Amino acid sequence: MAFLMEAHSGLSAKIVEEAGFEGIWASGLSMSATLGVRDNNELSWTQVLDMLEYMSDASSLPILVDGDTGYGNFNNFRRFVKKLCQRGVAGVCIEDKIFPKTNSFLGENQPLADIDEFCGKIKAGKDTQEHGDFSIVARVEALIAGRGLEEALKRAHAYADAGADAIVIHSKKSSADEILAFCREWNNRAPVILIPTKYYRTPTDRFREVGASMVIWANHNLRSSIQAMRDTCAELKRSETLIDVEDSVAPLADVFALAGAGELEAAEKRYLAAS
Ligand code: SPV
Ligand code: MG
């Protein structure tokens, strides 16, 4: 089972790679929150592309981008796929909801996309991808929308028939029961990806036992950075001195190292005329 770790910037992409993960989840929630906006397609798709360009420049890891609902219909989505391929992104996940989307953890009874329309989107993406190994992942939101296991399975089968390379089955329950039941019924017809943000107490071995292929830690770099920034702000506001803060933040040398200062120094020796 593989693990994708969330990143939302060039810097966080580098940190994910440094930690040894095999891939990056470019989370829509995290990219939005980082720029101070809501996870409601308030970022345009070209703004998302710009963020991805920094991330793919910063890291050699494969990036699976959260493509929300594809930014419109099949035509908007296939153009997004073309641009992702040009930027070296490894794959995109689209969810079967309506544009503009709402985060899965907000509200009840979120409207779902028409199955045939969503299948057309998947097909258009597969027909457009410029590299054979680009992945289109279909995210089933039936459990999120309270529509039950049968609806989730029906949708997952339709999306696999349409050519989806893998299925994300999502849930907002604190118990993994419905997710595990889905996986057992699905029986690995196509690879299954889980996002255990809400059912985080479930031991990871349970996901292995039901044959999950991949787990996404979807927002934990964003949330850890919020906590760290808040702690530092509070301490400095209170103490009005750096004395107690210096040892609790990353050394400045780390900032330069992560930005690649060493590479520039070496390049200057090679390329700048000696004065
Ligand atoms: C994201 O990380 O943006 C996701 C996962 O789509 S979730 O927030 O659980 O919907
Ligand atoms: Mg998202």
# chains A, B, ... in the order shown; residues from 1 in each chain; ligands from 1

$ residues_near_ligand --ligand "ligand 1" --cutoff "6 Å" --atoms "only C-alpha atoms and all ligand atoms" --output "number ranges by chain"
A: 27-29, 103-104, 218-219

$ write_last_selection --atoms "N, CA and C atoms" --output "PDB file, in the first residue's frame"
ATOM      1  N   SER A  27      -3.622  18.961  -2.456  1.00  0.00           N
ATOM      2  CA  SER A  27      -4.970  19.087  -1.914  1.00  0.00           C
ATOM      3  C   SER A  27      -5.623  20.418  -2.295  1.00  0.00           C
ATOM      4  N   GLY A  28      -6.852  20.335  -2.782  1.00  0.00           N
ATOM      5  CA  GLY A  28      -7.593  21.558  -3.099  1.00  0.00           C
ATOM      6  C   GLY A  28      -7.868  22.374  -1.846  1.00  0.00           C
ATOM      7  N   LEU A  29      -8.232  21.677  -0.778  1.00  0.00           N
ATOM      8  CA  LEU A  29      -8.483  22.374   0.488  1.00  0.00           C
ATOM      9  C   LEU A  29      -7.229  23.116   0.943  1.00  0.00           C
ATOM     10  N   ASN A 103     -16.508  21.549   0.034  1.00  0.00           N
ATOM     11  CA  ASN A 103     -15.699  20.520   0.686  1.00  0.00           C
ATOM     12  C   ASN A 103     -16.607  19.426   1.242  1.00  0.00           C
ATOM     13  N   SER A 104     -16.143  18.195   1.153  1.00  0.00           N
ATOM     14  CA  SER A 104     -16.969  17.040   1.522  1.00  0.00           C
ATOM     15  C   SER A 104     -17.388  17.039   2.991  1.00  0.00           C
ATOM     16  N   ALA A 218      -4.437  13.808   3.843  1.00  0.00           N
ATOM     17  CA  ALA A 218      -4.908  14.827   2.891  1.00  0.00           C
ATOM     18  C   ALA A 218      -4.632  16.279   3.254  1.00  0.00           C
ATOM     19  N   ASN A 219      -4.417  16.575   4.512  1.00  0.00           N
ATOM     20  CA  ASN A 219      -4.328  18.006   4.866  1.00  0.00           C
ATOM     21  C   ASN A 219      -3.403  18.238   6.056  1.00  0.00           C
TER      22      ASN A 219
END

$ closest_atom_pairs --of "chain A" --to "ligand 2" --cutoff "12 Å" --atoms "only C-alpha atoms and all ligand atoms" --output "CSV"
residue,atom,partner,partner_atom_place_in_ligand_line,distance
A:Glu6,CA,ligand 2,1 (Mg),10.9
A:His8,CA,ligand 2,1 (Mg),11.6
A:Trp25,CA,ligand 2,1 (Mg),9.9
A:Ala26,CA,ligand 2,1 (Mg),8.8
A:Ser27,CA,ligand 2,1 (Mg),5.6
A:Gly28,CA,ligand 2,1 (Mg),4.2
A:Leu29,CA,ligand 2,1 (Mg),5.0
A:Ser30,CA,ligand 2,1 (Mg),8.0
A:Met31,CA,ligand 2,1 (Mg),9.1
A:Ser32,CA,ligand 2,1 (Mg),9.2
A:Ala33,CA,ligand 2,1 (Mg),11.0
A:Arg38,CA,ligand 2,1 (Mg),10.7
A:Asp39,CA,ligand 2,1 (Mg),7.0
A:Asn40,CA,ligand 2,1 (Mg),9.0
A:Asn41,CA,ligand 2,1 (Mg),9.5
A:Leu43,CA,ligand 2,1 (Mg),11.9
A:Val48,CA,ligand 2,1 (Mg),12.0
A:Leu64,CA,ligand 2,1 (Mg),11.6
A:Val65,CA,ligand 2,1 (Mg),9.1
A:Asp66,CA,ligand 2,1 (Mg),5.6
A:Gly67,CA,ligand 2,1 (Mg),7.5
A:Asp68,CA,ligand 2,1 (Mg),5.7
A:Thr69,CA,ligand 2,1 (Mg),9.2
A:Gly70,CA,ligand 2,1 (Mg),11.2
A:Val92,CA,ligand 2,1 (Mg),11.3
A:Cys93,CA,ligand 2,1 (Mg),9.1
A:Ile94,CA,ligand 2,1 (Mg),9.0
A:Glu95,CA,ligand 2,1 (Mg),8.6
A:Asp96,CA,ligand 2,1 (Mg),11.8
A:Lys97,CA,ligand 2,1 (Mg),11.2
A:Pro100,CA,ligand 2,1 (Mg),11.7
A:Lys101,CA,ligand 2,1 (Mg),8.8
A:Thr102,CA,ligand 2,1 (Mg),8.5
A:Asn103,CA,ligand 2,1 (Mg),6.2
A:Ser104,CA,ligand 2,1 (Mg),7.7
A:Phe105,CA,ligand 2,1 (Mg),10.0
A:Leu106,CA,ligand 2,1 (Mg),11.6
A:Arg139,CA,ligand 2,1 (Mg),10.2
A:Glu141,CA,ligand 2,1 (Mg),11.5
A:Val168,CA,ligand 2,1 (Mg),11.7
A:His170,CA,ligand 2,1 (Mg),10.9
A:Ile195,CA,ligand 2,1 (Mg),10.7
A:Thr197,CA,ligand 2,1 (Mg),11.9
A:Ile216,CA,ligand 2,1 (Mg),11.6
A:Ala218,CA,ligand 2,1 (Mg),8.5
A:Asn219,CA,ligand 2,1 (Mg),9.5

$ select_by_dssp --residues "range 24-260 of chain A" --states "alpha helix (DSSP H)" --output "PDB file with C-alpha atoms, in the first residue's frame"
ATOM      1  CA  GLY A  28      -7.593  21.558  -3.099  1.00  0.00           C
ATOM      2  CA  LEU A  29      -8.483  22.374   0.488  1.00  0.00           C
ATOM      3  CA  SER A  30      -4.861  23.042   1.407  1.00  0.00           C
ATOM      4  CA  MET A  31      -3.982  25.053  -1.707  1.00  0.00           C
ATOM      5  CA  SER A  32      -7.101  27.178  -1.144  1.00  0.00           C
ATOM      6  CA  ALA A  33      -6.492  27.662   2.576  1.00  0.00           C
ATOM      7  CA  THR A  34      -2.847  28.564   1.956  1.00  0.00           C
ATOM      8  CA  TRP A  45      -7.999  26.424 -12.468  1.00  0.00           C
ATOM      9  CA  THR A  46      -5.103  28.449 -13.856  1.00  0.00           C
ATOM     10  CA  GLN A  47      -4.189  29.596 -10.341  1.00  0.00           C
ATOM     11  CA  VAL A  48      -4.128  25.935  -9.314  1.00  0.00           C
ATOM     12  CA  LEU A  49      -1.898  25.188 -12.331  1.00  0.00           C
ATOM     13  CA  ASP A  50       0.507  27.909 -11.225  1.00  0.00           C
ATOM     14  CA  MET A  51       0.766  26.358  -7.767  1.00  0.00           C
ATOM     15  CA  LEU A  52       1.337  22.935  -9.301  1.00  0.00           C
ATOM     16  CA  GLU A  53       4.120  24.307 -11.449  1.00  0.00           C
ATOM     17  CA  TYR A  54       6.001  25.380  -8.310  1.00  0.00           C
ATOM     18  CA  MET A  55       5.362  22.004  -6.714  1.00  0.00           C
ATOM     19  CA  SER A  56       6.482  19.967  -9.697  1.00  0.00           C
ATOM     20  CA  ASP A  57       9.600  22.134 -10.106  1.00  0.00           C
ATOM     21  CA  ALA A  58      10.374  21.700  -6.419  1.00  0.00           C
ATOM     22  CA  PHE A  74     -15.826  17.534 -20.080  1.00  0.00           C
ATOM     23  CA  ASN A  75     -14.357  20.303 -22.180  1.00  0.00           C
ATOM     24  CA  ASN A  76     -12.961  22.307 -19.256  1.00  0.00           C
ATOM     25  CA  PHE A  77     -11.640  19.101 -17.735  1.00  0.00           C
ATOM     26  CA  ARG A  78      -9.847  17.871 -20.848  1.00  0.00           C
ATOM     27  CA  ARG A  79      -8.096  21.221 -21.190  1.00  0.00           C
ATOM     28  CA  PHE A  80      -7.001  20.933 -17.535  1.00  0.00           C
ATOM     29  CA  VAL A  81      -5.653  17.427 -18.233  1.00  0.00           C
ATOM     30  CA  LYS A  82      -3.672  18.695 -21.222  1.00  0.00           C
ATOM     31  CA  LYS A  83      -2.084  21.434 -19.118  1.00  0.00           C
ATOM     32  CA  LEU A  84      -1.302  19.022 -16.258  1.00  0.00           C
ATOM     33  CA  CYS A  85       0.526  16.733 -18.673  1.00  0.00           C
ATOM     34  CA  GLN A  86       2.556  19.683 -19.947  1.00  0.00           C
ATOM     35  CA  ILE A 115     -23.410   9.392 -13.771  1.00  0.00           C
ATOM     36  CA  ASP A 116     -23.313   9.527 -17.573  1.00  0.00           C
ATOM     37  CA  GLU A 117     -22.076  13.102 -17.593  1.00  0.00           C
ATOM     38  CA  PHE A 118     -19.286  12.213 -15.157  1.00  0.00           C
ATOM     39  CA  CYS A 119     -18.333   9.160 -17.246  1.00  0.00           C
ATOM     40  CA  GLY A 120     -18.057  11.432 -20.295  1.00  0.00           C
ATOM     41  CA  LYS A 121     -15.669  13.616 -18.324  1.00  0.00           C
ATOM     42  CA  ILE A 122     -13.486  10.630 -17.430  1.00  0.00           C
ATOM     43  CA  LYS A 123     -13.446   9.464 -21.067  1.00  0.00           C
ATOM     44  CA  ALA A 124     -12.582  12.943 -22.336  1.00  0.00           C
ATOM     45  CA  GLY A 125      -9.692  13.117 -19.865  1.00  0.00           C
ATOM     46  CA  LYS A 126      -8.365   9.689 -20.851  1.00  0.00           C
ATOM     47  CA  ASP A 127      -8.616  10.562 -24.554  1.00  0.00           C
ATOM     48  CA  THR A 128      -6.728  13.813 -23.958  1.00  0.00           C
ATOM     49  CA  GLY A 148     -25.446   4.614   0.612  1.00  0.00           C
ATOM     50  CA  LEU A 149     -23.262   1.692  -0.373  1.00  0.00           C
ATOM     51  CA  GLU A 150     -25.306   0.489  -3.386  1.00  0.00           C
ATOM     52  CA  GLU A 151     -25.150   3.910  -5.031  1.00  0.00           C
ATOM     53  CA  ALA A 152     -21.427   4.137  -4.279  1.00  0.00           C
ATOM     54  CA  LEU A 153     -20.765   0.739  -5.891  1.00  0.00           C
ATOM     55  CA  LYS A 154     -22.948   1.543  -8.909  1.00  0.00           C
ATOM     56  CA  ARG A 155     -21.006   4.745  -9.491  1.00  0.00           C
ATOM     57  CA  ALA A 156     -17.606   3.163  -8.944  1.00  0.00           C
ATOM     58  CA  HIS A 157     -18.385   0.435 -11.511  1.00  0.00           C
ATOM     59  CA  ALA A 158     -19.584   3.017 -14.038  1.00  0.00           C
ATOM     60  CA  TYR A 159     -16.436   5.099 -13.569  1.00  0.00           C
ATOM     61  CA  ALA A 160     -14.164   2.067 -13.919  1.00  0.00           C
ATOM     62  CA  ASP A 161     -16.078   1.105 -17.093  1.00  0.00           C
ATOM     63  CA  ASP A 177     -17.253   0.650   8.572  1.00  0.00           C
ATOM     64  CA  GLU A 178     -18.854   1.933   5.352  1.00  0.00           C
ATOM     65  CA  ILE A 179     -15.449   2.335   3.691  1.00  0.00           C
ATOM     66  CA  LEU A 180     -14.378  -1.191   4.649  1.00  0.00           C
ATOM     67  CA  ALA A 181     -17.727  -2.575   3.443  1.00  0.00           C
ATOM     68  CA  PHE A 182     -17.255  -0.800   0.117  1.00  0.00           C
ATOM     69  CA  CYS A 183     -13.757  -2.244  -0.289  1.00  0.00           C
ATOM     70  CA  ARG A 184     -14.948  -5.784   0.444  1.00  0.00           C
ATOM     71  CA  GLU A 185     -17.774  -5.550  -2.117  1.00  0.00           C
ATOM     72  CA  TRP A 186     -15.585  -3.829  -4.673  1.00  0.00           C
ATOM     73  CA  THR A 204      -3.842   1.384   8.868  1.00  0.00           C
ATOM     74  CA  ASP A 205      -3.667  -2.427   8.720  1.00  0.00           C
ATOM     75  CA  ARG A 206      -7.488  -2.501   8.362  1.00  0.00           C
ATOM     76  CA  PHE A 207      -7.052  -0.703   5.019  1.00  0.00           C
ATOM     77  CA  ARG A 208      -4.420  -3.221   3.944  1.00  0.00           C
ATOM     78  CA  GLU A 209      -6.686  -6.127   4.905  1.00  0.00           C
ATOM     79  CA  HIS A 220      -1.809  17.339   7.601  1.00  0.00           C
ATOM     80  CA  ASN A 221       0.984  19.600   6.372  1.00  0.00           C
ATOM     81  CA  LEU A 222      -1.472  22.456   6.164  1.00  0.00           C
ATOM     82  CA  ARG A 223      -2.827  21.786   9.637  1.00  0.00           C
ATOM     83  CA  SER A 224       0.576  21.309  11.226  1.00  0.00           C
ATOM     84  CA  SER A 225       1.761  24.588   9.706  1.00  0.00           C
ATOM     85  CA  ILE A 226      -1.289  26.418  11.049  1.00  0.00           C
ATOM     86  CA  GLN A 227      -0.535  25.091  14.517  1.00  0.00           C
ATOM     87  CA  ALA A 228       3.171  25.966  14.298  1.00  0.00           C
ATOM     88  CA  MET A 229       2.515  29.507  13.020  1.00  0.00           C
ATOM     89  CA  ARG A 230      -0.071  30.115  15.717  1.00  0.00           C
ATOM     90  CA  ASP A 231       2.301  28.915  18.439  1.00  0.00           C
ATOM     91  CA  THR A 232       5.115  31.179  17.204  1.00  0.00           C
ATOM     92  CA  CYS A 233       2.830  34.203  16.801  1.00  0.00           C
ATOM     93  CA  ALA A 234       1.386  33.742  20.284  1.00  0.00           C
ATOM     94  CA  GLU A 235       4.801  33.363  21.883  1.00  0.00           C
ATOM     95  CA  LEU A 236       6.238  36.451  20.176  1.00  0.00           C
ATOM     96  CA  LYS A 237       3.163  38.532  20.907  1.00  0.00           C
ATOM     97  CA  ARG A 238       3.434  37.561  24.544  1.00  0.00           C
ATOM     98  CA  SER A 239       7.193  37.729  25.118  1.00  0.00           C
ATOM     99  CA  LEU A 252      17.567  29.808   8.904  1.00  0.00           C
ATOM    100  CA  ALA A 253      20.173  27.515   7.357  1.00  0.00           C
ATOM    101  CA  ASP A 254      17.331  25.057   6.645  1.00  0.00           C
ATOM    102  CA  VAL A 255      15.432  27.727   4.750  1.00  0.00           C
ATOM    103  CA  PHE A 256      18.411  28.352   2.491  1.00  0.00           C
ATOM    104  CA  ALA A 257      19.107  24.642   2.088  1.00  0.00           C
ATOM    105  CA  LEU A 258      15.490  23.867   1.170  1.00  0.00           C
ATOM    106  CA  ALA A 259      15.533  26.673  -1.390  1.00  0.00           C
TER     107      ALA A 259
END

$ closest_residue --among "A:Leu112, A:Leu272, A:Val249, A:Ala90" --to "Gly132 in chain A" --atoms "only C-alpha atoms"
A:Ala90

$ closest_residue --among "A:Leu35, A:Leu61, A:Thr241, A:Ala7" --to "Gly20 in chain A" --atoms "only C-alpha atoms"
A:Leu61

$ atom_distance --atom1 "CA of Ala164 in chain A" --atom2 "CA of Gln110 in chain A"
22.4 Å

$ residues_around --residues "Arg201 in chain A" --least-positions-apart "4" --cutoff "9 Å" --atoms "only C-alpha atoms" --output "compact mmCIF listing (two decimals) with C-alpha atoms, in the first residue's frame"
# COMPACT_ATOMS: atom_id res chain seq x y z
CA SER A 174 -15.62 8.71 12.24
CA SER A 175 -16.00 4.94 11.79
CA ALA A 176 -14.47 3.25 8.75
CA PRO A 196 -8.99 8.62 6.36

$ residues_around --residues "Pro191 in chain A" --least-positions-apart "6" --cutoff "9 Å" --atoms "only C-alpha atoms" --output "PyMOL selection string"
chain A and resi 165-168+211-214

$ residues_around --residues "Ser59 in chain A" --least-positions-apart "6" --cutoff "9 Å" --atoms "only C-alpha atoms" --output "compact mmCIF listing (two decimals) with N, CA and C atoms, in the first residue's frame"
# COMPACT_ATOMS: atom_id res chain seq x y z
N GLY A 10 5.62 24.85 -3.20
CA GLY A 10 6.92 24.28 -3.52
C GLY A 10 7.64 23.81 -2.27
N ALA A 13 6.10 20.65 -0.82
CA ALA A 13 6.42 19.53 -1.71
C ALA A 13 7.83 19.01 -1.42
N LYS A 14 8.76 19.93 -1.19
CA LYS A 14 10.13 19.50 -0.88
C LYS A 14 10.17 18.75 0.45
N ILE A 15 9.41 19.20 1.41
CA ILE A 15 9.42 18.56 2.72
C ILE A 15 8.81 17.15 2.64
N VAL A 16 7.79 16.99 1.82
CA VAL A 16 7.20 15.66 1.62
C VAL A 16 8.24 14.71 1.01
N GLU A 17 8.97 15.20 0.04
CA GLU A 17 10.00 14.36 -0.60
C GLU A 17 11.10 14.01 0.39
